[in-house]
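Structure file data-v1.txt (compact mmCIF, C-alpha atoms) is printed below.
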# COMPACT_ATOMS: atom_id res chain seq x y z
CA MET X 1 -129.27 -36.95 256.72
CA SER X 2 -126.11 -37.08 254.60
CA ALA X 3 -123.48 -39.65 255.47
CA TYR X 4 -120.23 -38.25 256.79
CA SER X 5 -116.69 -39.51 256.87
CA LEU X 6 -114.22 -38.47 259.54
CA VAL X 7 -110.82 -37.75 258.04
CA LEU X 8 -107.84 -37.95 260.40
CA GLN X 9 -104.51 -36.43 259.37
CA ALA X 10 -101.21 -36.44 261.25
CA PRO X 11 -97.70 -37.81 260.68
CA ALA X 12 -97.64 -41.58 261.21
CA LEU X 13 -101.07 -41.99 262.76
CA SER X 14 -100.96 -44.75 265.35
CA ASP X 15 -103.52 -47.56 265.51
CA ASP X 16 -104.36 -46.57 269.08
CA ILE X 17 -105.21 -42.98 268.12
CA VAL X 18 -107.29 -44.12 265.14
CA ALA X 19 -109.17 -46.64 267.30
CA ALA X 20 -109.89 -44.07 270.01
CA LEU X 21 -111.22 -41.49 267.56
CA ALA X 22 -113.22 -44.10 265.68
CA GLU X 23 -114.94 -45.08 268.92
CA LEU X 24 -115.53 -41.49 269.95
CA SER X 25 -117.03 -40.62 266.56
CA GLY X 26 -119.17 -43.73 266.28
CA ALA X 27 -117.57 -44.60 262.94
CA SER X 28 -118.26 -48.01 261.41
CA GLY X 29 -115.21 -48.56 259.24
CA VAL X 30 -111.57 -47.58 258.83
CA GLU X 31 -109.79 -46.89 255.54
CA ALA X 32 -106.09 -46.03 255.68
CA ARG X 33 -105.39 -43.72 252.73
CA SER X 34 -101.71 -43.37 253.62
CA ALA X 35 -99.48 -43.45 256.70
CA ASP X 36 -100.70 -39.92 257.46
CA VAL X 37 -104.36 -39.98 256.37
CA VAL X 38 -107.15 -42.24 257.62
CA ARG X 39 -110.82 -42.05 256.67
CA LEU X 40 -113.47 -43.33 259.08
CA ALA X 41 -116.80 -44.22 257.50
CA ASN X 42 -120.26 -43.28 258.80
CA ALA X 43 -119.04 -40.99 261.57
CA ASP X 44 -121.66 -39.24 263.70
CA VAL X 45 -121.42 -35.54 262.89
CA ALA X 46 -123.27 -34.73 266.11
CA ARG X 47 -120.07 -35.72 267.93
CA ARG X 48 -118.00 -33.17 266.01
CA ASP X 49 -117.06 -30.96 268.98
CA ALA X 50 -115.95 -33.82 271.23
CA VAL X 51 -113.92 -35.38 268.43
CA ALA X 52 -112.31 -32.07 267.48
CA THR X 53 -111.26 -31.34 271.05
CA HIS X 54 -109.76 -34.77 271.65
CA ALA X 55 -108.07 -34.95 268.24
CA ASP X 56 -106.52 -31.52 268.68
CA SER X 57 -105.07 -32.58 272.04
CA LEU X 58 -103.39 -35.46 270.23
CA GLY X 59 -101.97 -33.26 267.46
CA VAL X 60 -104.37 -34.71 264.91
CA ASP X 61 -106.49 -32.81 262.38
CA ALA X 62 -109.99 -34.31 262.38
CA ALA X 63 -112.59 -33.23 259.82
CA PHE X 64 -116.14 -34.37 259.20
CA VAL X 65 -116.75 -34.23 255.44
CA PRO X 66 -119.62 -35.46 253.26
CA ALA X 67 -118.90 -39.03 252.23
CA GLY X 68 -117.70 -39.55 248.68
CA LYS X 69 -116.72 -35.94 247.96
CA ARG X 70 -113.79 -35.58 245.55
CA PHE X 71 -111.50 -32.57 245.16
CA ALA X 72 -112.47 -32.40 241.49
CA ASP X 73 -116.11 -31.85 242.54
CA TYR X 74 -115.14 -28.29 243.47
CA GLY X 75 -114.70 -25.51 240.93
CA LEU X 76 -113.24 -22.65 242.98
CA ILE X 77 -111.01 -22.14 246.00
CA VAL X 78 -111.06 -18.70 247.62
CA SER X 79 -108.18 -18.13 250.01
CA ASP X 80 -106.96 -15.46 252.37
CA MET X 81 -103.29 -14.48 251.94
CA ASP X 82 -101.59 -13.51 255.20
CA SER X 83 -100.99 -16.44 257.56
CA THR X 84 -102.92 -18.65 255.13
CA LEU X 85 -101.35 -18.89 251.68
CA ILE X 86 -98.19 -17.28 253.07
CA THR X 87 -96.60 -17.58 256.50
CA ILE X 88 -96.39 -13.89 257.44
CA GLU X 89 -98.66 -10.95 258.13
CA CYS X 90 -97.32 -8.52 255.51
CA ILE X 91 -98.39 -5.37 257.31
CA ASP X 92 -96.55 -6.45 260.46
CA GLU X 93 -93.36 -7.03 258.48
CA ILE X 94 -93.72 -3.70 256.68
CA ALA X 95 -94.14 -2.03 260.06
CA ASP X 96 -90.93 -3.67 261.20
CA MET X 97 -89.17 -1.51 258.62
CA GLN X 98 -90.46 1.48 260.61
CA GLY X 99 -89.52 -0.04 263.96
CA LEU X 100 -93.22 -0.41 264.74
CA LYS X 101 -93.80 -4.15 264.36
CA GLU X 102 -94.83 -4.77 267.97
CA GLN X 103 -97.36 -1.93 267.93
CA VAL X 104 -98.88 -2.86 264.59
CA ALA X 105 -98.86 -6.61 265.26
CA ALA X 106 -100.86 -6.07 268.44
CA ILE X 107 -103.57 -4.29 266.42
CA THR X 108 -103.45 -7.03 263.76
CA GLU X 109 -103.92 -9.74 266.37
CA ARG X 110 -106.93 -8.02 267.94
CA SER X 111 -108.48 -7.50 264.51
CA MET X 112 -108.00 -11.16 263.57
CA ARG X 113 -109.65 -12.25 266.81
CA GLY X 114 -112.65 -10.10 265.92
CA GLU X 115 -112.11 -7.58 268.71
CA LEU X 116 -111.66 -4.59 266.38
CA ASP X 117 -113.46 -3.44 263.24
CA PHE X 118 -111.23 -4.57 260.39
CA ALA X 119 -111.51 -1.49 258.18
CA ALA X 120 -110.86 0.93 261.05
CA SER X 121 -107.92 -1.13 262.28
CA LEU X 122 -106.41 -1.25 258.80
CA VAL X 123 -106.66 2.52 258.41
CA GLU X 124 -105.00 2.91 261.82
CA ARG X 125 -102.16 0.55 260.96
CA VAL X 126 -101.52 1.92 257.49
CA ALA X 127 -101.33 5.46 258.89
CA LEU X 128 -98.34 4.36 260.94
CA LEU X 129 -96.50 3.46 257.72
CA LYS X 130 -96.48 7.05 256.42
CA GLY X 131 -93.14 8.06 254.94
CA LEU X 132 -91.81 4.53 254.46
CA PRO X 133 -90.03 4.09 251.09
CA GLU X 134 -91.94 1.83 248.71
CA GLU X 135 -88.79 -0.22 248.27
CA ALA X 136 -89.38 -1.56 251.78
CA LEU X 137 -92.34 -3.53 250.40
CA GLY X 138 -90.02 -5.20 247.92
CA ARG X 139 -87.69 -6.17 250.74
CA VAL X 140 -90.53 -7.78 252.64
CA TYR X 141 -91.54 -9.75 249.55
CA ALA X 142 -88.01 -10.86 248.74
CA GLU X 143 -86.65 -11.46 252.23
CA ARG X 144 -89.55 -12.42 254.49
CA LEU X 145 -92.47 -13.76 252.50
CA ALA X 146 -92.69 -17.55 252.23
CA LEU X 147 -95.44 -19.87 251.05
CA THR X 148 -97.19 -21.90 253.69
CA PRO X 149 -96.12 -25.56 253.70
CA GLY X 150 -98.36 -27.53 251.39
CA ALA X 151 -99.36 -24.50 249.30
CA THR X 152 -97.40 -25.68 246.26
CA GLU X 153 -99.10 -29.08 246.38
CA LEU X 154 -102.55 -27.54 246.74
CA LEU X 155 -102.01 -25.19 243.82
CA ALA X 156 -100.67 -28.03 241.66
CA ALA X 157 -103.81 -30.06 242.40
CA CYS X 158 -105.97 -27.08 241.45
CA LYS X 159 -104.28 -26.87 238.08
CA ALA X 160 -104.50 -30.63 237.55
CA HIS X 161 -108.23 -30.77 238.30
CA GLY X 162 -109.31 -27.47 236.78
CA VAL X 163 -110.15 -25.84 240.11
CA ARG X 164 -109.84 -22.04 239.93
CA PHE X 165 -107.89 -20.31 242.72
CA MET X 166 -108.70 -16.81 243.93
CA LEU X 167 -106.66 -14.88 246.48
CA VAL X 168 -108.80 -12.41 248.44
CA SER X 169 -106.85 -10.43 250.99
CA GLY X 170 -107.30 -7.62 253.46
CA GLY X 171 -103.61 -7.05 252.76
CA PHE X 172 -102.10 -5.27 249.79
CA THR X 173 -102.03 -5.55 246.01
CA PHE X 174 -98.24 -5.11 246.05
CA PHE X 175 -98.06 -8.68 247.36
CA THR X 176 -101.14 -10.30 245.83
CA ALA X 177 -100.23 -9.15 242.31
CA ARG X 178 -96.75 -10.63 242.60
CA LEU X 179 -98.06 -13.90 244.01
CA LYS X 180 -100.68 -14.10 241.25
CA ALA X 181 -98.01 -13.72 238.58
CA GLU X 182 -95.45 -15.98 240.25
CA LEU X 183 -97.85 -18.80 241.13
CA GLY X 184 -100.24 -18.55 238.18
CA LEU X 185 -103.28 -17.79 240.32
CA ASP X 186 -106.54 -17.14 238.50
CA TYR X 187 -107.67 -14.09 240.50
CA ALA X 188 -106.32 -11.79 243.19
CA HIS X 189 -107.94 -8.94 245.12
CA ALA X 190 -106.55 -6.76 247.91
CA ASN X 191 -106.11 -3.18 249.12
CA THR X 192 -103.95 -0.61 247.34
CA LEU X 193 -101.45 1.43 249.31
CA GLU X 194 -101.10 5.02 248.13
CA VAL X 195 -97.56 5.89 247.10
CA VAL X 196 -96.39 9.42 246.25
CA ASP X 197 -92.81 10.23 245.23
CA GLY X 198 -91.72 6.71 246.13
CA LYS X 199 -93.05 6.81 249.70
CA LEU X 200 -96.16 5.50 251.41
CA THR X 201 -98.62 8.24 252.31
CA GLY X 202 -100.23 6.27 255.11
CA ARG X 203 -103.49 5.93 253.17
CA VAL X 204 -105.35 3.18 251.33
CA LEU X 205 -106.83 3.94 247.92
CA GLY X 206 -110.43 3.01 247.17
CA ASP X 207 -112.75 0.75 249.07
CA ILE X 208 -111.22 -1.51 251.70
CA VAL X 209 -111.37 -5.25 251.17
CA ASP X 210 -113.06 -6.23 254.42
CA ALA X 211 -115.16 -9.24 255.42
CA ALA X 212 -118.19 -8.14 253.39
CA ALA X 213 -116.04 -7.49 250.32
CA LYS X 214 -114.43 -10.93 250.58
CA ALA X 215 -117.84 -12.61 250.68
CA ARG X 216 -119.09 -10.46 247.79
CA LEU X 217 -116.05 -11.27 245.63
CA LEU X 218 -116.59 -14.96 246.29
CA ARG X 219 -120.23 -14.73 245.20
CA GLU X 220 -119.48 -12.63 242.12
CA THR X 221 -116.69 -14.91 240.92
CA ARG X 222 -118.66 -18.07 241.67
CA ASP X 223 -121.70 -16.79 239.78
CA ALA X 224 -119.64 -15.49 236.84
CA LEU X 225 -118.08 -18.94 236.47
CA GLY X 226 -121.44 -20.69 236.83
CA ILE X 227 -120.25 -22.68 239.84
CA ALA X 228 -122.78 -24.00 242.35
CA PRO X 229 -122.49 -22.57 245.88
CA ASP X 230 -121.65 -25.98 247.34
CA ALA X 231 -118.76 -26.38 244.87
CA VAL X 232 -116.71 -23.57 246.46
CA ILE X 233 -114.02 -23.97 249.13
CA ALA X 234 -112.95 -20.97 251.21
CA ILE X 235 -109.87 -20.93 253.43
CA GLY X 236 -108.96 -18.34 256.06
CA ASP X 237 -107.64 -17.76 259.55
CA GLY X 238 -109.07 -14.53 260.96
CA ALA X 239 -112.42 -12.97 261.82
CA ASN X 240 -112.26 -11.01 258.56
CA ASP X 241 -112.71 -14.36 256.75
CA LEU X 242 -115.88 -15.52 258.52
CA LEU X 243 -118.41 -14.19 256.02
CA MET X 244 -116.39 -15.65 253.16
CA LEU X 245 -116.20 -19.05 254.84
CA ALA X 246 -119.94 -18.99 255.47
CA GLU X 247 -120.61 -18.36 251.76
CA ALA X 248 -118.62 -21.41 250.67
CA GLY X 249 -119.80 -24.98 250.35
CA LEU X 250 -116.83 -25.91 252.53
CA GLY X 251 -115.32 -23.31 254.87
CA ILE X 252 -111.86 -24.23 256.17
CA ALA X 253 -110.19 -22.57 259.15
CA TYR X 254 -106.45 -22.83 258.61
CA LYS X 255 -104.42 -22.54 261.85
CA ALA X 256 -107.06 -20.01 262.74
CA LYS X 257 -108.22 -17.91 265.65
CA PRO X 258 -110.71 -19.66 267.98
CA VAL X 259 -113.67 -17.65 266.69
CA VAL X 260 -112.95 -18.94 263.18
CA ARG X 261 -112.36 -22.55 264.22
CA ARG X 262 -115.72 -22.60 265.97
CA GLN X 263 -117.65 -21.42 262.93
CA ALA X 264 -115.83 -23.16 260.07
CA ASP X 265 -116.90 -26.51 258.63
CA VAL X 266 -113.36 -27.86 258.96
CA ALA X 267 -110.34 -26.77 261.00
CA ILE X 268 -106.78 -27.62 259.98
CA ASN X 269 -104.69 -26.90 263.05
CA HIS X 270 -101.57 -28.99 262.58
CA GLY X 271 -100.95 -29.88 258.92
CA GLY X 272 -100.02 -27.84 255.88
CA LEU X 273 -102.35 -26.59 253.16
CA ASP X 274 -101.99 -29.92 251.39
CA ALA X 275 -104.18 -31.29 254.21
CA VAL X 276 -107.05 -29.79 252.18
CA LEU X 277 -106.42 -32.51 249.59
CA GLY X 278 -106.52 -35.23 252.22
CA LEU X 279 -110.13 -34.34 253.00
CA PHE X 280 -111.40 -35.92 249.81
CA ALA X 281 -111.89 -39.49 248.66
Rewrite the structure of this file - the entire thing - as structure tokens.
Amino acid sequence: MSAYSLVLQAPALSDDIVAALAELSGASGVEARSADVVRLANADVARRDAVATHADSLGVDAAFVPAGKRFADYGLIVSDMDSTLITIECIDEIADMQGLKEQVAAITERSMRGELDFAASLVERVALLKGLPEEALGRVYAERLALTPGATELLAACKAHGVRFMLVSGGFTFFTARLKAELGLDYAHANTLEVVDGKLTGRVLGDIVDAAAKARLLRETRDALGIAPDAVIAIGDGANDLLMLAEAGLGIAYKAKPVVRRQADVAINHGGLDAVLGLFA
């Protein structure tokens, strides 16, 4: 069986919290990486659920990771966009321009929890946007879209270590294309909203980027780059990301729905995206 380390991340981790989680995990050694990151050696991965529950109650992110893994060992990160790389759900904010945010957000939430078929729910939500001027999308991008805390640091580390970054979203190319250009991302894939005479028609063009498409795009890009399956990280927060996370060597649930937390290799519930970097030796 592979040796695992338990990585604890939280602002100013106290000795008492570290000691309690070390005992609970059966770890044999403690290495303080910084005031906010501690690595516990030889943790018992069979205790993952108990550790995760207790750590979460303390506001601590706790992740079992293979011992000795470095960030530079990975060649590709595949990330969701909405509520992952950025802080908003774009479709909900677009709907707000129509006075329909509450209605659309309720459908979004159910879809992310896995209670609705993603493709059908997207078609339903986009239909409600019919007649909205395309300029409203620009307002959402300029006025409401913000990067998730830690995203800048994660992307800088990718560039420094030669790790490719691909954005794969069930959202819209209007936003992914702009983020790709602005942030220097390597790849971006999403759905295309149909626009006629400067207004949304309420339809999506082409095939919908759903869970299966996200997983397929991960595989295709990984294989085209000649990257081993275990050298891929995937990050997401909703049920539409589960197949993608399962395809990756390391699947990370970022402030995710319970169904995603349960199935991911690692859950980051409290920190920013830079917590991904803290996972590695």
Emit as lines of an AutoDock Vina configuration file the padded axis-aligned box for all listed atoms of region 66-77 of chain X, 4 Å per side, with centre and edge lengths in Å to one decimal.
center_x = -115.3
center_y = -30.8
center_z = 247.1
size_x = 16.6
size_y = 25.4
size_z = 20.3
Within-12 Å shell of (-102.9, -39.9, 252.0) in input frame, only C-alpha atoms, as a ChimeraX atom specification: /X:7-13,31-39,274-281
Selected residue of minimal separation from Ile91 (chain X) among X:Ala67, X:Ala3, X:Ala106, X:Val126, counting all atoms listed in the file: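 Checking each of X:Ala67, X:Ala3, X:Ala106, X:Val126 against Ile91 (chain X), counting all atoms listed in the file, the winner is X:Val126.
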CA of Phe172 (chain X) to CA of Asn191 (chain X), straight-line distance in Å: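 Here the two named atoms are 4.6 Å from each other.
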Residue among X:Cys90, X:Val45, X:Ala156, X:Val104 lying closest to Thr176 (chain X), counting all atoms listed in the file: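 Comparing X:Cys90, X:Val45, X:Ala156, X:Val104 against Thr176 (chain X), the winner is X:Cys90.
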Using all atoms listed in the file, which residues sit within 7 Å of Val65 (chain X) once same-chain residues fewer than 5 positions away are excluded, as a PDB file with C-alpha atoms, in the coordinates of the input?
ATOM      1  CA  TYR X   4    -120.230 -38.250 256.790  1.00  0.00           C
ATOM      2  CA  SER X   5    -116.690 -39.510 256.870  1.00  0.00           C
ATOM      3  CA  LEU X   6    -114.220 -38.470 259.540  1.00  0.00           C
TER       4      LEU X   6
END
Separation of CA of Leu250 (chain X) from CA of Val209 (chain X) in Å: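 Taking CA of Val209 (chain X) and CA of Leu250 (chain X), their separation equals 21.4 Å.
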Two-atom distance - CA of Leu145 (chain X), CA of Gly272 (chain X) (Å):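 Computed distance, CA of Leu145 (chain X) to CA of Gly272 (chain X), equals 16.3 Å.
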Best match for closeness to Glu124 (chain X) among X:Asp241, X:Arg203, X:Val60, X:Asp82, counting all atoms listed in the file: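 Of all the options, X:Arg203 lies closest to Glu124 (chain X).
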